[in-house]
file my_file-v4.tsv (TSV, N, CA, C and O atoms)
chain	number	residue	atom	x	y	z
A	1	MET	N	93.47	85.34	105.81
A	1	MET	CA	93.28	86.77	105.77
A	1	MET	C	93.73	87.27	104.40
A	1	MET	O	94.77	86.88	103.91
A	2	LEU	N	92.92	88.15	103.83
A	2	LEU	CA	93.23	88.73	102.53
A	2	LEU	C	93.61	90.19	102.69
A	2	LEU	O	93.15	90.86	103.63
A	3	GLU	N	94.42	90.70	101.77
A	3	GLU	CA	94.83	92.10	101.83
A	3	GLU	C	94.44	92.81	100.54
A	3	GLU	O	94.99	92.52	99.47
A	4	TYR	N	93.47	93.70	100.66
A	4	TYR	CA	93.03	94.54	99.54
A	4	TYR	C	93.62	95.93	99.72
A	4	TYR	O	94.40	96.16	100.63
A	5	HIS	N	93.24	96.87	98.85
A	5	HIS	CA	93.84	98.20	98.88
A	5	HIS	C	92.77	99.28	98.82
A	5	HIS	O	92.00	99.34	97.86
A	6	ALA	N	92.72	100.10	99.86
A	6	ALA	CA	91.74	101.17	99.96
A	6	ALA	C	92.36	102.49	99.54
A	6	ALA	O	93.51	102.79	99.86
A	7	ALA	N	91.57	103.28	98.83
A	7	ALA	CA	91.96	104.62	98.44
A	7	ALA	C	91.00	105.60	99.10
A	7	ALA	O	89.81	105.33	99.22
A	8	TYR	N	91.53	106.72	99.54
A	8	TYR	CA	90.74	107.74	100.24
A	8	TYR	C	90.79	109.03	99.44
A	8	TYR	O	91.86	109.45	98.98
A	9	TYR	N	89.63	109.67	99.29
A	9	TYR	CA	89.49	110.87	98.49
A	9	TYR	C	88.80	111.96	99.30
A	9	TYR	O	87.97	111.65	100.17
A	10	GLN	N	89.09	113.20	98.98
A	10	GLN	CA	88.39	114.31	99.61
A	10	GLN	C	87.02	114.42	98.98
A	10	GLN	O	86.89	114.56	97.77
A	11	GLY	N	85.99	114.30	99.78
A	11	GLY	CA	84.62	114.40	99.30
A	11	GLY	C	84.04	115.77	99.58
A	11	GLY	O	84.75	116.71	99.97
A	12	GLU	N	82.74	115.87	99.39
A	12	GLU	CA	82.05	117.13	99.62
A	12	GLU	C	81.92	117.42	101.11
A	12	GLU	O	81.82	116.51	101.93
A	13	GLN	N	81.91	118.68	101.45
A	13	GLN	CA	81.71	119.17	102.81
A	13	GLN	C	82.68	118.54	103.82
A	13	GLN	O	82.33	118.28	104.96
A	14	GLY	N	83.90	118.25	103.35
A	14	GLY	CA	84.94	117.76	104.24
A	14	GLY	C	84.94	116.26	104.51
A	14	GLY	O	85.81	115.76	105.20
A	15	TRP	N	83.97	115.53	103.99
A	15	TRP	CA	83.92	114.08	104.20
A	15	TRP	C	85.05	113.41	103.43
A	15	TRP	O	85.51	113.90	102.40
A	16	ILE	N	85.49	112.27	103.93
A	16	ILE	CA	86.49	111.45	103.25
A	16	ILE	C	85.76	110.25	102.65
A	16	ILE	O	85.07	109.51	103.35
A	17	VAL	N	85.91	110.08	101.35
A	17	VAL	CA	85.28	108.96	100.63
A	17	VAL	C	86.33	107.86	100.49
A	17	VAL	O	87.48	108.14	100.14
A	18	ALA	N	85.93	106.63	100.75
A	18	ALA	CA	86.85	105.49	100.68
A	18	ALA	C	86.34	104.47	99.68
A	18	ALA	O	85.13	104.22	99.58
A	19	GLN	N	87.26	103.88	98.94
A	19	GLN	CA	86.93	102.87	97.93
A	19	GLN	C	88.01	101.79	97.97
A	19	GLN	O	89.20	102.10	98.05
A	20	VAL	N	87.58	100.53	97.93
A	20	VAL	CA	88.56	99.44	97.83
A	20	VAL	C	88.81	99.23	96.33
A	20	VAL	O	87.91	98.86	95.58
A	21	LEU	N	90.02	99.52	95.92
A	21	LEU	CA	90.36	99.51	94.49
A	21	LEU	C	90.26	98.14	93.86
A	21	LEU	O	89.91	98.02	92.68
A	22	ASP	N	90.58	97.10	94.61
A	22	ASP	CA	90.59	95.76	94.03
A	22	ASP	C	89.42	94.89	94.50
A	22	ASP	O	89.46	93.67	94.38
A	23	PHE	N	88.35	95.52	95.00
A	23	PHE	CA	87.11	94.82	95.35
A	23	PHE	C	85.97	95.72	94.89
A	23	PHE	O	85.50	96.58	95.63
A	24	PRO	N	85.54	95.57	93.62
A	24	PRO	CA	84.52	96.45	93.06
A	24	PRO	C	83.27	96.55	93.94
A	24	PRO	O	82.77	95.55	94.45
A	25	GLY	N	82.79	97.77	94.11
A	25	GLY	CA	81.58	98.00	94.86
A	25	GLY	C	81.79	98.27	96.34
A	25	GLY	O	80.85	98.67	97.03
A	26	ALA	N	82.99	98.08	96.85
A	26	ALA	CA	83.26	98.33	98.27
A	26	ALA	C	83.56	99.81	98.44
A	26	ALA	O	84.66	100.28	98.14
A	27	LEU	N	82.56	100.56	98.90
A	27	LEU	CA	82.65	102.00	99.06
A	27	LEU	C	82.13	102.40	100.43
A	27	LEU	O	81.24	101.74	100.97
A	28	SER	N	82.64	103.50	100.95
A	28	SER	CA	82.14	104.04	102.20
A	28	SER	C	82.63	105.46	102.33
A	28	SER	O	83.27	106.00	101.43
A	29	GLN	N	82.35	106.07	103.48
A	29	GLN	CA	82.83	107.42	103.75
A	29	GLN	C	82.82	107.67	105.25
A	29	GLN	O	82.23	106.92	106.01
A	30	GLY	N	83.50	108.72	105.64
A	30	GLY	CA	83.54	109.11	107.04
A	30	GLY	C	83.85	110.58	107.16
A	30	GLY	O	84.39	111.18	106.24
A	31	ARG	N	83.51	111.16	108.29
A	31	ARG	CA	83.78	112.59	108.51
A	31	ARG	C	85.27	112.86	108.65
A	31	ARG	O	85.73	113.96	108.35
A	32	THR	N	86.02	111.85	109.11
A	32	THR	CA	87.47	111.97	109.26
A	32	THR	C	88.13	110.78	108.58
A	32	THR	O	87.46	109.78	108.28
A	33	LEU	N	89.44	110.85	108.39
A	33	LEU	CA	90.17	109.73	107.82
A	33	LEU	C	90.04	108.51	108.73
A	33	LEU	O	89.84	107.39	108.25
A	34	LYS	N	90.13	108.73	110.03
A	34	LYS	CA	90.01	107.62	110.98
A	34	LYS	C	88.66	106.91	110.84
A	34	LYS	O	88.60	105.68	110.77
A	35	SER	N	87.58	107.66	110.75
A	35	SER	CA	86.26	107.02	110.62
A	35	SER	C	86.09	106.39	109.24
A	35	SER	O	85.48	105.33	109.11
A	36	ALA	N	86.65	107.01	108.20
A	36	ALA	CA	86.56	106.43	106.85
A	36	ALA	C	87.31	105.09	106.81
A	36	ALA	O	86.84	104.14	106.18
A	37	ARG	N	88.44	105.01	107.49
A	37	ARG	CA	89.19	103.75	107.55
A	37	ARG	C	88.36	102.66	108.23
A	37	ARG	O	88.31	101.53	107.77
A	38	ARG	N	87.73	102.99	109.34
A	38	ARG	CA	86.91	102.01	110.05
A	38	ARG	C	85.72	101.58	109.19
A	38	ARG	O	85.41	100.40	109.08
A	39	MET	N	85.08	102.54	108.56
A	39	MET	CA	83.89	102.24	107.75
A	39	MET	C	84.24	101.38	106.54
A	39	MET	O	83.49	100.46	106.20
A	40	ILE	N	85.37	101.64	105.88
A	40	ILE	CA	85.71	100.85	104.69
A	40	ILE	C	86.11	99.43	105.08
A	40	ILE	O	85.81	98.47	104.37
A	41	ARG	N	86.76	99.26	106.24
A	41	ARG	CA	87.06	97.89	106.71
A	41	ARG	C	85.76	97.12	106.96
A	41	ARG	O	85.65	95.96	106.57
A	42	ASP	N	84.79	97.77	107.59
A	42	ASP	CA	83.50	97.12	107.84
A	42	ASP	C	82.78	96.79	106.54
A	42	ASP	O	82.24	95.70	106.38
A	43	ALA	N	82.78	97.73	105.60
A	43	ALA	CA	82.12	97.50	104.31
A	43	ALA	C	82.78	96.35	103.55
A	43	ALA	O	82.09	95.49	103.00
A	44	LEU	N	84.11	96.31	103.55
A	44	LEU	CA	84.83	95.25	102.87
A	44	LEU	C	84.53	93.89	103.50
A	44	LEU	O	84.26	92.92	102.80
A	45	ARG	N	84.56	93.83	104.83
A	45	ARG	CA	84.28	92.57	105.52
A	45	ARG	C	82.86	92.08	105.22
A	45	ARG	O	82.65	90.92	104.88
A	46	MET	N	81.89	92.99	105.27
A	46	MET	CA	80.50	92.58	105.01
A	46	MET	C	80.32	92.12	103.57
A	46	MET	O	79.63	91.13	103.31
A	47	MET	N	80.93	92.82	102.62
A	47	MET	CA	80.81	92.40	101.21
A	47	MET	C	81.47	91.05	100.99
A	47	MET	O	80.92	90.19	100.29
A	48	ALA	N	82.65	90.84	101.56
A	48	ALA	CA	83.36	89.57	101.40
A	48	ALA	C	82.55	88.43	102.01
A	48	ALA	O	82.43	87.36	101.39
A	49	GLU	N	81.99	88.65	103.19
A	49	GLU	CA	81.17	87.61	103.81
A	49	GLU	C	79.94	87.30	102.96
A	49	GLU	O	79.55	86.15	102.80
A	50	TRP	N	79.34	88.33	102.37
A	50	TRP	CA	78.17	88.12	101.52
A	50	TRP	C	78.56	87.32	100.28
A	50	TRP	O	77.83	86.39	99.89
A	51	TYR	N	79.69	87.64	99.66
A	51	TYR	CA	80.17	86.86	98.51
A	51	TYR	C	80.28	85.39	98.87
A	51	TYR	O	79.82	84.52	98.14
A	52	VAL	N	80.91	85.10	100.01
A	52	VAL	CA	81.11	83.72	100.44
A	52	VAL	C	79.77	83.04	100.69
A	52	VAL	O	79.54	81.91	100.24
A	53	GLU	N	78.86	83.72	101.38
A	53	GLU	CA	77.54	83.15	101.66
A	53	GLU	C	76.78	82.82	100.38
A	53	GLU	O	76.03	81.86	100.32
A	54	GLU	N	76.98	83.63	99.35
A	54	GLU	CA	76.29	83.42	98.07
A	54	GLU	C	77.04	82.47	97.15
A	54	GLU	O	76.60	82.21	96.03
A	55	GLY	N	78.19	81.97	97.59
A	55	GLY	CA	78.96	81.04	96.79
A	55	GLY	C	79.74	81.68	95.66
A	55	GLY	O	80.17	81.01	94.72
A	56	GLN	N	79.95	82.99	95.74
A	56	GLN	CA	80.69	83.70	94.70
A	56	GLN	C	82.18	83.74	95.05
A	56	GLN	O	82.55	83.75	96.23
A	57	LEU	N	83.00	83.76	94.04
A	57	LEU	CA	84.44	83.90	94.24
A	57	LEU	C	84.77	85.33	94.63
A	57	LEU	O	84.21	86.28	94.07
A	58	LEU	N	85.68	85.49	95.57
A	58	LEU	CA	86.12	86.83	95.96
A	58	LEU	C	87.05	87.39	94.89
A	58	LEU	O	87.82	86.64	94.28
A	59	PRO	N	86.99	88.70	94.66
A	59	PRO	CA	87.95	89.30	93.73
A	59	PRO	C	89.38	89.06	94.24
A	59	PRO	O	89.62	89.05	95.44
A	60	ARG	N	90.27	88.86	93.33
A	60	ARG	CA	91.67	88.62	93.68
A	60	ARG	C	92.34	89.95	94.07
A	60	ARG	O	92.28	90.91	93.31
A	61	PRO	N	92.95	90.01	95.24
A	61	PRO	CA	93.67	91.23	95.62
A	61	PRO	C	94.77	91.56	94.62
A	61	PRO	O	95.45	90.66	94.12
A	62	ASN	N	94.94	92.83	94.34
A	62	ASN	CA	95.95	93.29	93.41
A	62	ASN	C	96.97	94.15	94.16
A	62	ASN	O	96.68	95.30	94.48
A	63	PRO	N	98.15	93.62	94.45
A	63	PRO	CA	99.14	94.39	95.21
A	63	PRO	C	99.61	95.66	94.51
A	63	PRO	O	100.19	96.53	95.13
A	64	LYS	N	99.31	95.79	93.22
A	64	LYS	CA	99.72	96.98	92.46
A	64	LYS	C	98.59	98.00	92.33
A	64	LYS	O	98.73	98.99	91.61
A	65	ALA	N	97.47	97.79	93.02
A	65	ALA	CA	96.32	98.70	92.92
A	65	ALA	C	96.72	100.08	93.44
A	65	ALA	O	97.17	100.22	94.57
A	66	ARG	N	96.57	101.10	92.62
A	66	ARG	CA	96.91	102.47	92.98
A	66	ARG	C	95.96	103.44	92.27
A	66	ARG	O	95.38	103.11	91.24
A	67	ASP	N	95.85	104.64	92.79
A	67	ASP	CA	95.12	105.73	92.15
A	67	ASP	C	95.82	107.03	92.51
A	67	ASP	O	95.83	107.43	93.68
A	68	LYS	N	96.40	107.68	91.53
A	68	LYS	CA	97.17	108.90	91.77
A	68	LYS	C	96.30	110.05	92.27
A	68	LYS	O	96.81	111.00	92.85
A	69	LYS	N	94.99	109.98	92.04
A	69	LYS	CA	94.09	111.04	92.48
A	69	LYS	C	93.73	110.92	93.96
A	69	LYS	O	93.18	111.84	94.54
A	70	ALA	N	94.04	109.79	94.57
A	70	ALA	CA	93.69	109.55	95.97
A	70	ALA	C	94.60	110.33	96.91
A	70	ALA	O	95.78	110.54	96.62
A	71	LEU	N	94.04	110.73	98.05
A	71	LEU	CA	94.85	111.35	99.10
A	71	LEU	C	95.81	110.33	99.70
A	71	LEU	O	96.91	110.67	100.10
A	72	LEU	N	95.34	109.08	99.78
A	72	LEU	CA	96.09	108.01	100.41
A	72	LEU	C	95.60	106.68	99.85
A	72	LEU	O	94.41	106.51	99.63
A	73	VAL	N	96.52	105.76	99.61
A	73	VAL	CA	96.18	104.37	99.26
A	73	VAL	C	96.93	103.50	100.26
A	73	VAL	O	98.14	103.68	100.46
A	74	GLU	N	96.20	102.58	100.89
A	74	GLU	CA	96.83	101.71	101.89
A	74	GLU	C	96.23	100.32	101.85
A	74	GLU	O	95.08	100.14	101.43
A	75	PRO	N	96.98	99.32	102.30
A	75	PRO	CA	96.44	97.96	102.38
A	75	PRO	C	95.37	97.88	103.47
A	75	PRO	O	95.47	98.55	104.50
A	76	VAL	N	94.36	97.07	103.21
A	76	VAL	CA	93.30	96.81	104.17
A	76	VAL	C	93.14	95.30	104.26
A	76	VAL	O	92.87	94.64	103.25
A	77	ARG	N	93.34	94.76	105.44
A	77	ARG	CA	93.21	93.31	105.62
A	77	ARG	C	91.80	92.97	106.03
A	77	ARG	O	91.16	93.70	106.78
A	78	VAL	N	91.32	91.84	105.51
A	78	VAL	CA	89.98	91.39	105.85
A	78	VAL	C	90.04	89.93	106.26
A	78	VAL	O	90.69	89.12	105.62
A	79	ARG	N	89.39	89.65	107.35
A	79	ARG	CA	89.23	88.28	107.83
A	79	ARG	C	87.75	87.96	107.69
A	79	ARG	O	86.91	88.69	108.20
A	80	ILE	N	87.45	86.87	107.03
A	80	ILE	CA	86.06	86.52	106.73
A	80	ILE	C	85.57	85.46	107.69
A	80	ILE	O	86.22	84.45	107.91
A	81	ARG	N	84.40	85.73	108.25
A	81	ARG	CA	83.75	84.74	109.11
A	81	ARG	C	82.77	83.94	108.27
A	81	ARG	O	81.92	84.50	107.60
A	82	VAL	N	82.93	82.64	108.30
A	82	VAL	CA	82.04	81.76	107.56
A	82	VAL	C	81.29	80.91	108.56
A	82	VAL	O	81.90	80.22	109.38
A	83	GLU	N	79.97	80.98	108.51
A	83	GLU	CA	79.16	80.18	109.43
A	83	GLU	C	78.90	78.80	108.83
A	83	GLU	O	78.87	78.63	107.61
A	84	ALA	N	78.70	77.84	109.70
A	84	ALA	CA	78.39	76.48	109.26
A	84	ALA	C	77.14	76.52	108.40
A	84	ALA	O	76.18	77.22	108.70
A	85	GLY	N	77.17	75.81	107.32
A	85	GLY	CA	76.02	75.75	106.42
A	85	GLY	C	76.05	76.80	105.32
A	85	GLY	O	75.17	76.83	104.49
A	86	ALA	N	77.05	77.67	105.33
A	86	ALA	CA	77.15	78.69	104.29
A	86	ALA	C	77.54	78.02	102.98
A	86	ALA	O	78.27	77.04	102.95
A	87	LYS	N	77.04	78.57	101.87
A	87	LYS	CA	77.42	78.08	100.55
A	87	LYS	C	78.87	78.43	100.31
A	87	LYS	O	79.25	79.58	100.41
A	88	ALA	N	79.69	77.47	100.01
A	88	ALA	CA	81.11	77.77	99.71
A	88	ALA	C	81.66	76.80	98.72
A	88	ALA	O	81.16	75.78	98.44
call {"tool": "encode", "arguments": {"input": "my_file-v4.tsv", "output": "structure tokens"}}
result
Amino acid sequence: MLEYHAAYYQGEQGWIVAQVLDFPGALSQGRTLKSARRMIRDALRMMAEWYVEEGQLLPRPNPKARDKKALLVEPVRVRIRVEAGAKA
């Protein structure tokens, strides 16, 4: 299990935008903080699984990842499912 760091920002029309600071491209959003948290975990898991399937190295988690502009920064754990026959 890997631990990355998600930051949450106030978006337009009350939406919460989520970004994984130490996994470039992992972005999502939700109408509430609770839904944004669920959506970013799903986005991170899917991106990590895709990286593994494509034989790419996962970005290294950075325990010091922070953004002062964020409403909240918190650790997000990801467990990757690897199917037999996947490129690794």
call {"tool": "closest_residue", "arguments": {"input": "my_file-v4.tsv", "among": "A:Met39, A:Ala6, A:Leu21, A:Ile16", "to": "Arg60 of chain A", "atoms": "only C-alpha atoms"}}
result
A:Leu21
call {"tool": "closest_residue", "arguments": {"input": "my_file-v4.tsv", "among": "A:Ala70, A:Ala26, A:Val76, A:Leu57", "to": "Ala43 of chain A", "atoms": "only N, CA, C and O atoms"}}
result
A:Ala26
call {"tool": "residues_around", "arguments": {"input": "my_file-v4.tsv", "residues": "Met46 of chain A", "least_positions_apart": "3", "cutoff": "12 Å", "atoms": "only C-alpha atoms", "output": "list in words"}}
result
Phe23, Gly25, Ala26, Leu27, Ser28, Met39, Ile40, Arg41, Asp42, Ala43, Glu49, Trp50, Tyr51, Val52, Glu53, Val78, Arg79, Ile80, Arg81 and Val82 of chain A
call {"tool": "select_by_dssp", "arguments": {"input": "my_file-v4.tsv", "residues": "segment 4-87 of chain A", "states": "strand (DSSP E or B)", "output": "list in words"}}
result
Tyr4, His5, Ala6, Ala7, Tyr8, Tyr9, Gln10, Ile16, Val17, Ala18, Gln19, Val20, Leu27, Ser28, Gln29, Gly30, Glu54, Leu72, Val73, Glu74, Pro75, Val76, Arg77, Val78 and Lys87 of chain A
call {"tool": "atom_distance", "arguments": {"input": "my_file-v4.tsv", "atom1": "atom CA of Pro24 of chain A", "atom2": "atom CA of Arg77 of chain A"}}
result
15.6 Å
call {"tool": "closest_residue", "arguments": {"input": "my_file-v4.tsv", "among": "A:Ala65, A:Val17, A:Pro59, A:Glu3", "to": "Leu33 of chain A", "atoms": "all atoms listed in the file"}}
result
A:Val17
call {"tool": "closest_residue", "arguments": {"input": "my_file-v4.tsv", "among": "A:Leu2, A:Val73, A:Leu58, A:Ala36", "to": "Ala18 of chain A", "atoms": "all atoms listed in the file"}}
result
A:Ala36
call {"tool": "select_by_dssp", "arguments": {"input": "my_file-v4.tsv", "residues": "chain A", "states": "alpha helix (DSSP H)", "output": "list in words"}}
result
Leu33, Lys34, Ser35, Ala36, Arg37, Arg38, Met39, Ile40, Arg41, Asp42, Ala43, Leu44, Arg45, Met46, Met47, Ala48, Glu49, Trp50, Tyr51, Val52 and Glu53 of chain A
call {"tool": "atom_distance", "arguments": {"input": "my_file-v4.tsv", "atom1": "atom CA of Leu44 of chain A", "atom2": "atom CA of Gln13 of chain A"}}
result
24.1 Å
call {"tool": "closest_residue", "arguments": {"input": "my_file-v4.tsv", "among": "A:Gly30, A:Met47, A:Asp22, A:Trp15", "to": "Arg66 of chain A", "atoms": "all atoms listed in the file"}}
result
A:Asp22
call {"tool": "atom_distance", "arguments": {"input": "my_file-v4.tsv", "atom1": "atom C of His5 of chain A", "atom2": "atom N of Arg37 of chain A"}}
result
11.3 Å
call {"tool": "residues_around", "arguments": {"input": "my_file-v4.tsv", "residues": "Lys69 of chain A", "least_positions_apart": "6", "cutoff": "7 Å", "atoms": "all atoms listed in the file", "output": "list in words"}}
result
Tyr8, Tyr9 and Gln10 of chain A
call {"tool": "closest_residue", "arguments": {"input": "my_file-v4.tsv", "among": "A:Gln19, A:Gln29, A:Ser35, A:Gln56", "to": "Ala7 of chain A", "atoms": "only C-alpha atoms"}}
result
A:Gln19
